[in-house]
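Trainee: My structure is in input.cif, and what it holds is mmCIF, C-alpha atoms:
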data_model
loop_
_atom_site.label_atom_id
_atom_site.label_comp_id
_atom_site.auth_asym_id
_atom_site.auth_seq_id
_atom_site.Cartn_x
_atom_site.Cartn_y
_atom_site.Cartn_z
CA MET A 35 -47.88 -17.35 -4.00
CA SER A 36 -45.31 -14.88 -2.88
CA ALA A 37 -45.73 -12.90 0.31
CA SER A 38 -45.13 -9.64 -1.57
CA GLU A 39 -47.82 -10.31 -4.17
CA LYS A 40 -50.66 -7.78 -3.98
CA PRO A 41 -54.25 -8.88 -4.55
CA ASP A 42 -56.39 -7.18 -7.19
CA PHE A 43 -59.48 -7.63 -5.03
CA VAL A 44 -60.05 -8.07 -1.28
CA LEU A 45 -63.35 -8.61 0.52
CA GLU A 46 -63.72 -8.95 4.29
CA THR A 47 -66.84 -10.07 6.12
CA TYR A 48 -67.70 -11.26 9.61
CA ILE A 49 -69.80 -14.39 10.05
CA LYS A 50 -71.31 -15.71 13.26
CA THR A 51 -69.91 -19.23 12.97
CA THR A 52 -66.92 -21.36 13.91
CA PRO A 53 -63.77 -21.88 11.84
CA GLU A 54 -64.75 -25.53 11.40
CA LYS A 55 -68.21 -24.72 10.04
CA LEU A 56 -66.80 -22.04 7.74
CA TRP A 57 -64.10 -24.39 6.43
CA ASN A 58 -66.74 -27.06 5.80
CA ALA A 59 -68.89 -24.56 3.92
CA LEU A 60 -65.94 -23.75 1.66
CA THR A 61 -64.95 -27.39 1.02
CA ASP A 62 -68.17 -29.44 1.13
CA GLY A 63 -69.92 -29.64 -2.24
CA GLU A 64 -73.33 -30.12 -0.66
CA MET A 65 -72.86 -26.86 1.25
CA THR A 66 -71.43 -24.81 -1.64
CA LYS A 67 -74.67 -25.42 -3.55
CA HIS A 68 -76.41 -23.14 -1.04
CA TYR A 69 -74.29 -20.05 -1.68
CA PHE A 70 -71.92 -20.34 -4.65
CA GLN A 71 -72.90 -18.81 -7.97
CA GLY A 72 -74.93 -21.16 -10.17
CA ASP A 73 -75.66 -23.46 -7.21
CA ALA A 74 -72.20 -24.90 -7.85
CA SER A 75 -70.82 -27.89 -6.03
CA ILE A 76 -67.08 -28.25 -5.40
CA GLU A 77 -65.17 -31.52 -5.54
CA SER A 78 -61.57 -32.01 -4.39
CA SER A 79 -59.41 -33.81 -1.84
CA PHE A 80 -58.21 -30.33 -0.74
CA GLU A 81 -54.61 -31.43 -0.52
CA LYS A 82 -51.86 -29.19 -1.89
CA GLY A 83 -51.47 -29.90 -5.61
CA ALA A 84 -54.88 -31.59 -5.92
CA GLU A 85 -57.28 -30.51 -8.63
CA TYR A 86 -60.71 -29.13 -7.89
CA LEU A 87 -63.86 -28.70 -9.94
CA TYR A 88 -66.96 -26.57 -9.42
CA THR A 89 -69.97 -28.01 -11.24
CA SER A 90 -73.11 -25.90 -11.72
CA GLY A 91 -76.49 -27.02 -10.48
CA ASP A 92 -77.35 -28.16 -14.02
CA GLY A 93 -74.23 -30.33 -14.19
CA ASN A 94 -71.90 -28.15 -16.28
CA PRO A 95 -68.26 -27.58 -15.24
CA MET A 96 -67.79 -23.93 -14.16
CA LEU A 97 -64.38 -23.56 -12.51
CA VAL A 98 -61.33 -25.78 -12.49
CA GLY A 99 -57.98 -25.41 -10.86
CA GLU A 100 -55.41 -26.60 -8.40
CA ILE A 101 -55.24 -26.35 -4.63
CA LEU A 102 -52.21 -24.17 -3.84
CA GLU A 103 -52.53 -24.27 -0.06
CA ALA A 104 -54.92 -25.94 2.35
CA SER A 105 -54.59 -25.32 6.06
CA PRO A 106 -57.89 -26.50 7.55
CA TYR A 107 -59.84 -23.84 9.44
CA THR A 108 -57.42 -21.02 8.50
CA ARG A 109 -56.35 -20.77 4.81
CA LEU A 110 -57.38 -22.13 1.43
CA ALA A 111 -55.72 -20.97 -1.79
CA MET A 112 -56.52 -22.20 -5.28
CA THR A 113 -55.98 -21.27 -8.88
CA PHE A 114 -59.09 -19.84 -10.52
CA LEU A 115 -59.93 -20.81 -14.08
CA PRO A 116 -63.47 -20.46 -15.44
CA THR A 117 -64.06 -23.20 -17.99
CA PHE A 118 -64.64 -20.63 -20.76
CA MET A 119 -61.01 -19.46 -20.47
CA GLU A 120 -57.87 -21.20 -21.71
CA ARG A 121 -55.08 -22.17 -19.34
CA THR A 122 -52.16 -19.77 -19.26
CA GLU A 123 -48.89 -19.64 -17.38
CA ASN A 124 -50.15 -16.91 -15.05
CA LEU A 125 -53.43 -18.25 -13.71
CA SER A 126 -55.39 -16.04 -11.40
CA HIS A 127 -55.89 -17.41 -7.92
CA ASN A 128 -57.95 -16.74 -4.85
CA LEU A 129 -57.27 -17.05 -1.16
CA TYR A 130 -59.71 -17.58 1.69
CA GLU A 131 -58.39 -16.61 5.13
CA ILE A 132 -60.36 -17.50 8.26
CA GLU A 133 -59.67 -15.74 11.55
CA GLU A 134 -61.60 -16.65 14.69
CA MET A 135 -62.70 -13.61 16.67
CA ALA A 136 -64.74 -14.57 19.76
CA GLU A 137 -68.14 -15.75 18.47
CA VAL A 138 -67.52 -14.74 14.86
CA CYS A 139 -65.06 -15.53 12.10
CA LYS A 140 -63.49 -12.91 9.91
CA LEU A 141 -63.41 -14.22 6.36
CA THR A 142 -61.06 -12.47 3.95
CA ILE A 143 -61.35 -13.34 0.26
CA SER A 144 -58.46 -12.13 -1.90
CA HIS A 145 -58.19 -12.56 -5.66
CA PHE A 146 -54.87 -12.20 -7.49
CA GLY A 147 -54.24 -11.82 -11.21
CA VAL A 148 -57.67 -10.51 -12.17
CA THR A 149 -57.58 -10.04 -15.94
CA PRO A 150 -60.11 -8.03 -17.99
CA GLU A 151 -61.91 -11.32 -18.77
CA LEU A 152 -62.38 -11.82 -15.03
CA ALA A 153 -63.55 -8.30 -14.16
CA SER A 154 -66.96 -9.62 -13.07
CA VAL A 155 -65.43 -11.63 -10.21
CA LYS A 156 -65.41 -8.53 -8.04
CA ASN A 157 -69.21 -8.39 -8.13
CA GLY A 158 -69.42 -12.17 -7.90
CA TRP A 159 -67.36 -12.39 -4.72
CA GLY A 160 -69.66 -9.90 -2.98
CA LYS A 161 -72.70 -12.02 -3.79
CA ILE A 162 -70.97 -15.24 -2.77
CA ALA A 163 -69.92 -13.72 0.57
CA ALA A 164 -73.44 -12.44 1.28
CA ARG A 165 -74.97 -15.82 0.44
CA LEU A 166 -72.34 -17.67 2.50
CA LYS A 167 -72.92 -15.43 5.53
CA THR A 168 -76.70 -15.83 5.31
CA TYR A 169 -76.44 -19.61 4.86
CA LEU A 170 -74.13 -20.11 7.83
CA GLU A 171 -76.05 -17.78 10.14
CA THR A 172 -79.61 -18.82 9.24
CA GLY A 173 -79.38 -22.16 7.42
CA GLU A 174 -81.26 -20.62 4.51
CA SER A 175 -80.15 -19.77 1.01
CA LEU A 176 -80.18 -16.11 -0.01
CA ASN A 177 -81.77 -15.51 -3.40
CA LEU A 178 -79.95 -12.67 -5.12
CA ALA A 179 -81.02 -11.82 -8.64
CA GLU A 180 -78.15 -12.24 -11.07
CA ALA A 181 -77.21 -8.90 -12.60
#
I'd like the structure from this file rewritten - as structure tokens, please.

Mentor:
Amino acid sequence: MSASEKPDFVLETYIKTTPEKLWNALTDGEMTKHYFQGDASIESSFEKGAEYLYTSGDGNPMLVGEILEASPYTRLAMTFLPTFMERTENLSHNLYEIEEMAEVCKLTISHFGVTPELASVKNGWGKIAARLKTYLETGESLNLAEA
């Protein structure tokens, strides 16, 4: 990731939580089931260069990729490849940035290299962020109808 690279999509939200709890929600497969699309669970060591896999609630692989950067409690970057797409040289990637601000955390989700096949991620990130915020602030899952 180059510093001059511009994201195709950016979403910011504020969540009443700690950086540790937010990081855990992003990296713990049992927690991702409560907010990620398809009740997906993530698996990875979250070390730079490690692979990751999101598996849907019914056991099907959804997203695969590589961890590009992992700085606990502040930044997590990963390539983004839905399993229906073929690998290419220029994989899209997303970046989570966590900034502590008093009793809340500002979460910024950026997505780079959004191709026409990935146009729906913009809507998807909004739903994921809303579910994540609700889950961390209330402990409950938010049921949003899939459009």

Trainee: Ile132 of chain A: which residues within 8 Å, counting only C-alpha atoms, same-chain residues fewer than 2 positions away excluded, as a list in words?

Mentor: Pro53, Leu56, Tyr107, Thr108, Arg109, Tyr130, Glu134, Cys139, Lys140, Leu141 and Thr142 of chain A

Trainee: Between atom CA of Ser175 of chain A and atom CA of Lys55 of chain A, what is the distance in Å, rounded to a tenth?

Mentor: 15.8 Å

Trainee: So how many Å separate atom CA of Val155 of chain A and atom CA of Phe80 of chain A, to one decimal?

Mentor: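 Rounded to one decimal, the two atoms are 22.2 Å apart.
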
Trainee: Enumerate, as a list of chain:residue names, the residues matched when the PyMOL selection byres ((chain A and resi 143) around 10) is run on the file above.

Mentor: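 On the file shown, the PyMOL selection byres ((chain A and resi 143) around 10) covers A:Pro41, A:Phe43, A:Val44, A:Leu45, A:Glu46, A:Thr47, A:Leu110, A:Ala111, A:Asn128, A:Leu129, A:Tyr130, A:Glu131, A:Ile132, A:Lys140, A:Leu141, A:Thr142, A:Ser144, A:His145, A:Trp159, A:Gly160, A:Ala163.
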
Trainee: For Asn177 of chain A, find every residue with an atom within 10 Å (counting only C-alpha atoms), except residues of its own chain fewer than 4 positions away, and show them as a VMD selection string.

Mentor: chain A and resid 68 to 69 161 165

Trainee: Would you write out, as a PyMOL selection string, every residue that the PyMOL selection byres ((chain A and resi 70) around 12) captures in this file?

Mentor: chain A and resi 59-69+71-76+88-91+96-97+158-169+175-178

Trainee: Pick the closest to Leu102 of chain A from A:Thr117, A:Ser79, A:His127, A:Met135: which is it, counting all atoms listed in the file?

Mentor: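 Looking only at the distances to Leu102 of chain A, the closest residue turns out to be A:His127.
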
Trainee: Considering all atoms listed in the file, state which residue in the set A:Pro106, A:Ile101, A:Phe114, A:Ser154 is at the smallest distance from Glu54 of chain A.

Mentor: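 Smallest distance to Glu54 of chain A is found for A:Pro106.
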
Trainee: To one decimal place in Å, what is the distance between atom CA of Thr52 of chain A and atom CA of Val138 of chain A?

Mentor: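 According to the coordinates, atom CA of Thr52 of chain A and atom CA of Val138 of chain A are separated by 6.7 Å.
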
Trainee: Output, as JSON, the centre and edge lengths in Å (one decimal) of the axis-aligned box that contains all listed atoms of segment 37-47 of chain A with 5 Å of margin on each side.

Mentor:
{"center_x": -56.0, "center_y": -10.0, "center_z": -0.5, "size_x": 31.7, "size_y": 15.7, "size_z": 23.3}

Trainee: My list of candidates is A:Asp42, A:Glu103, A:Thr113, A:Glu77. Which is closest to Thr149 of chain A when distances are computed with only C-alpha atoms?

Mentor: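 Looking only at the distances to Thr149 of chain A, the closest residue turns out to be A:Asp42.
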
Trainee: From the list A:Glu81, A:Glu39, A:Glu174, A:Glu151, which residue is nearest Phe118 of chain A when using only C-alpha atoms?

Mentor: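 When distances to Phe118 of chain A are compared using only C-alpha atoms, the smallest one comes from A:Glu151.
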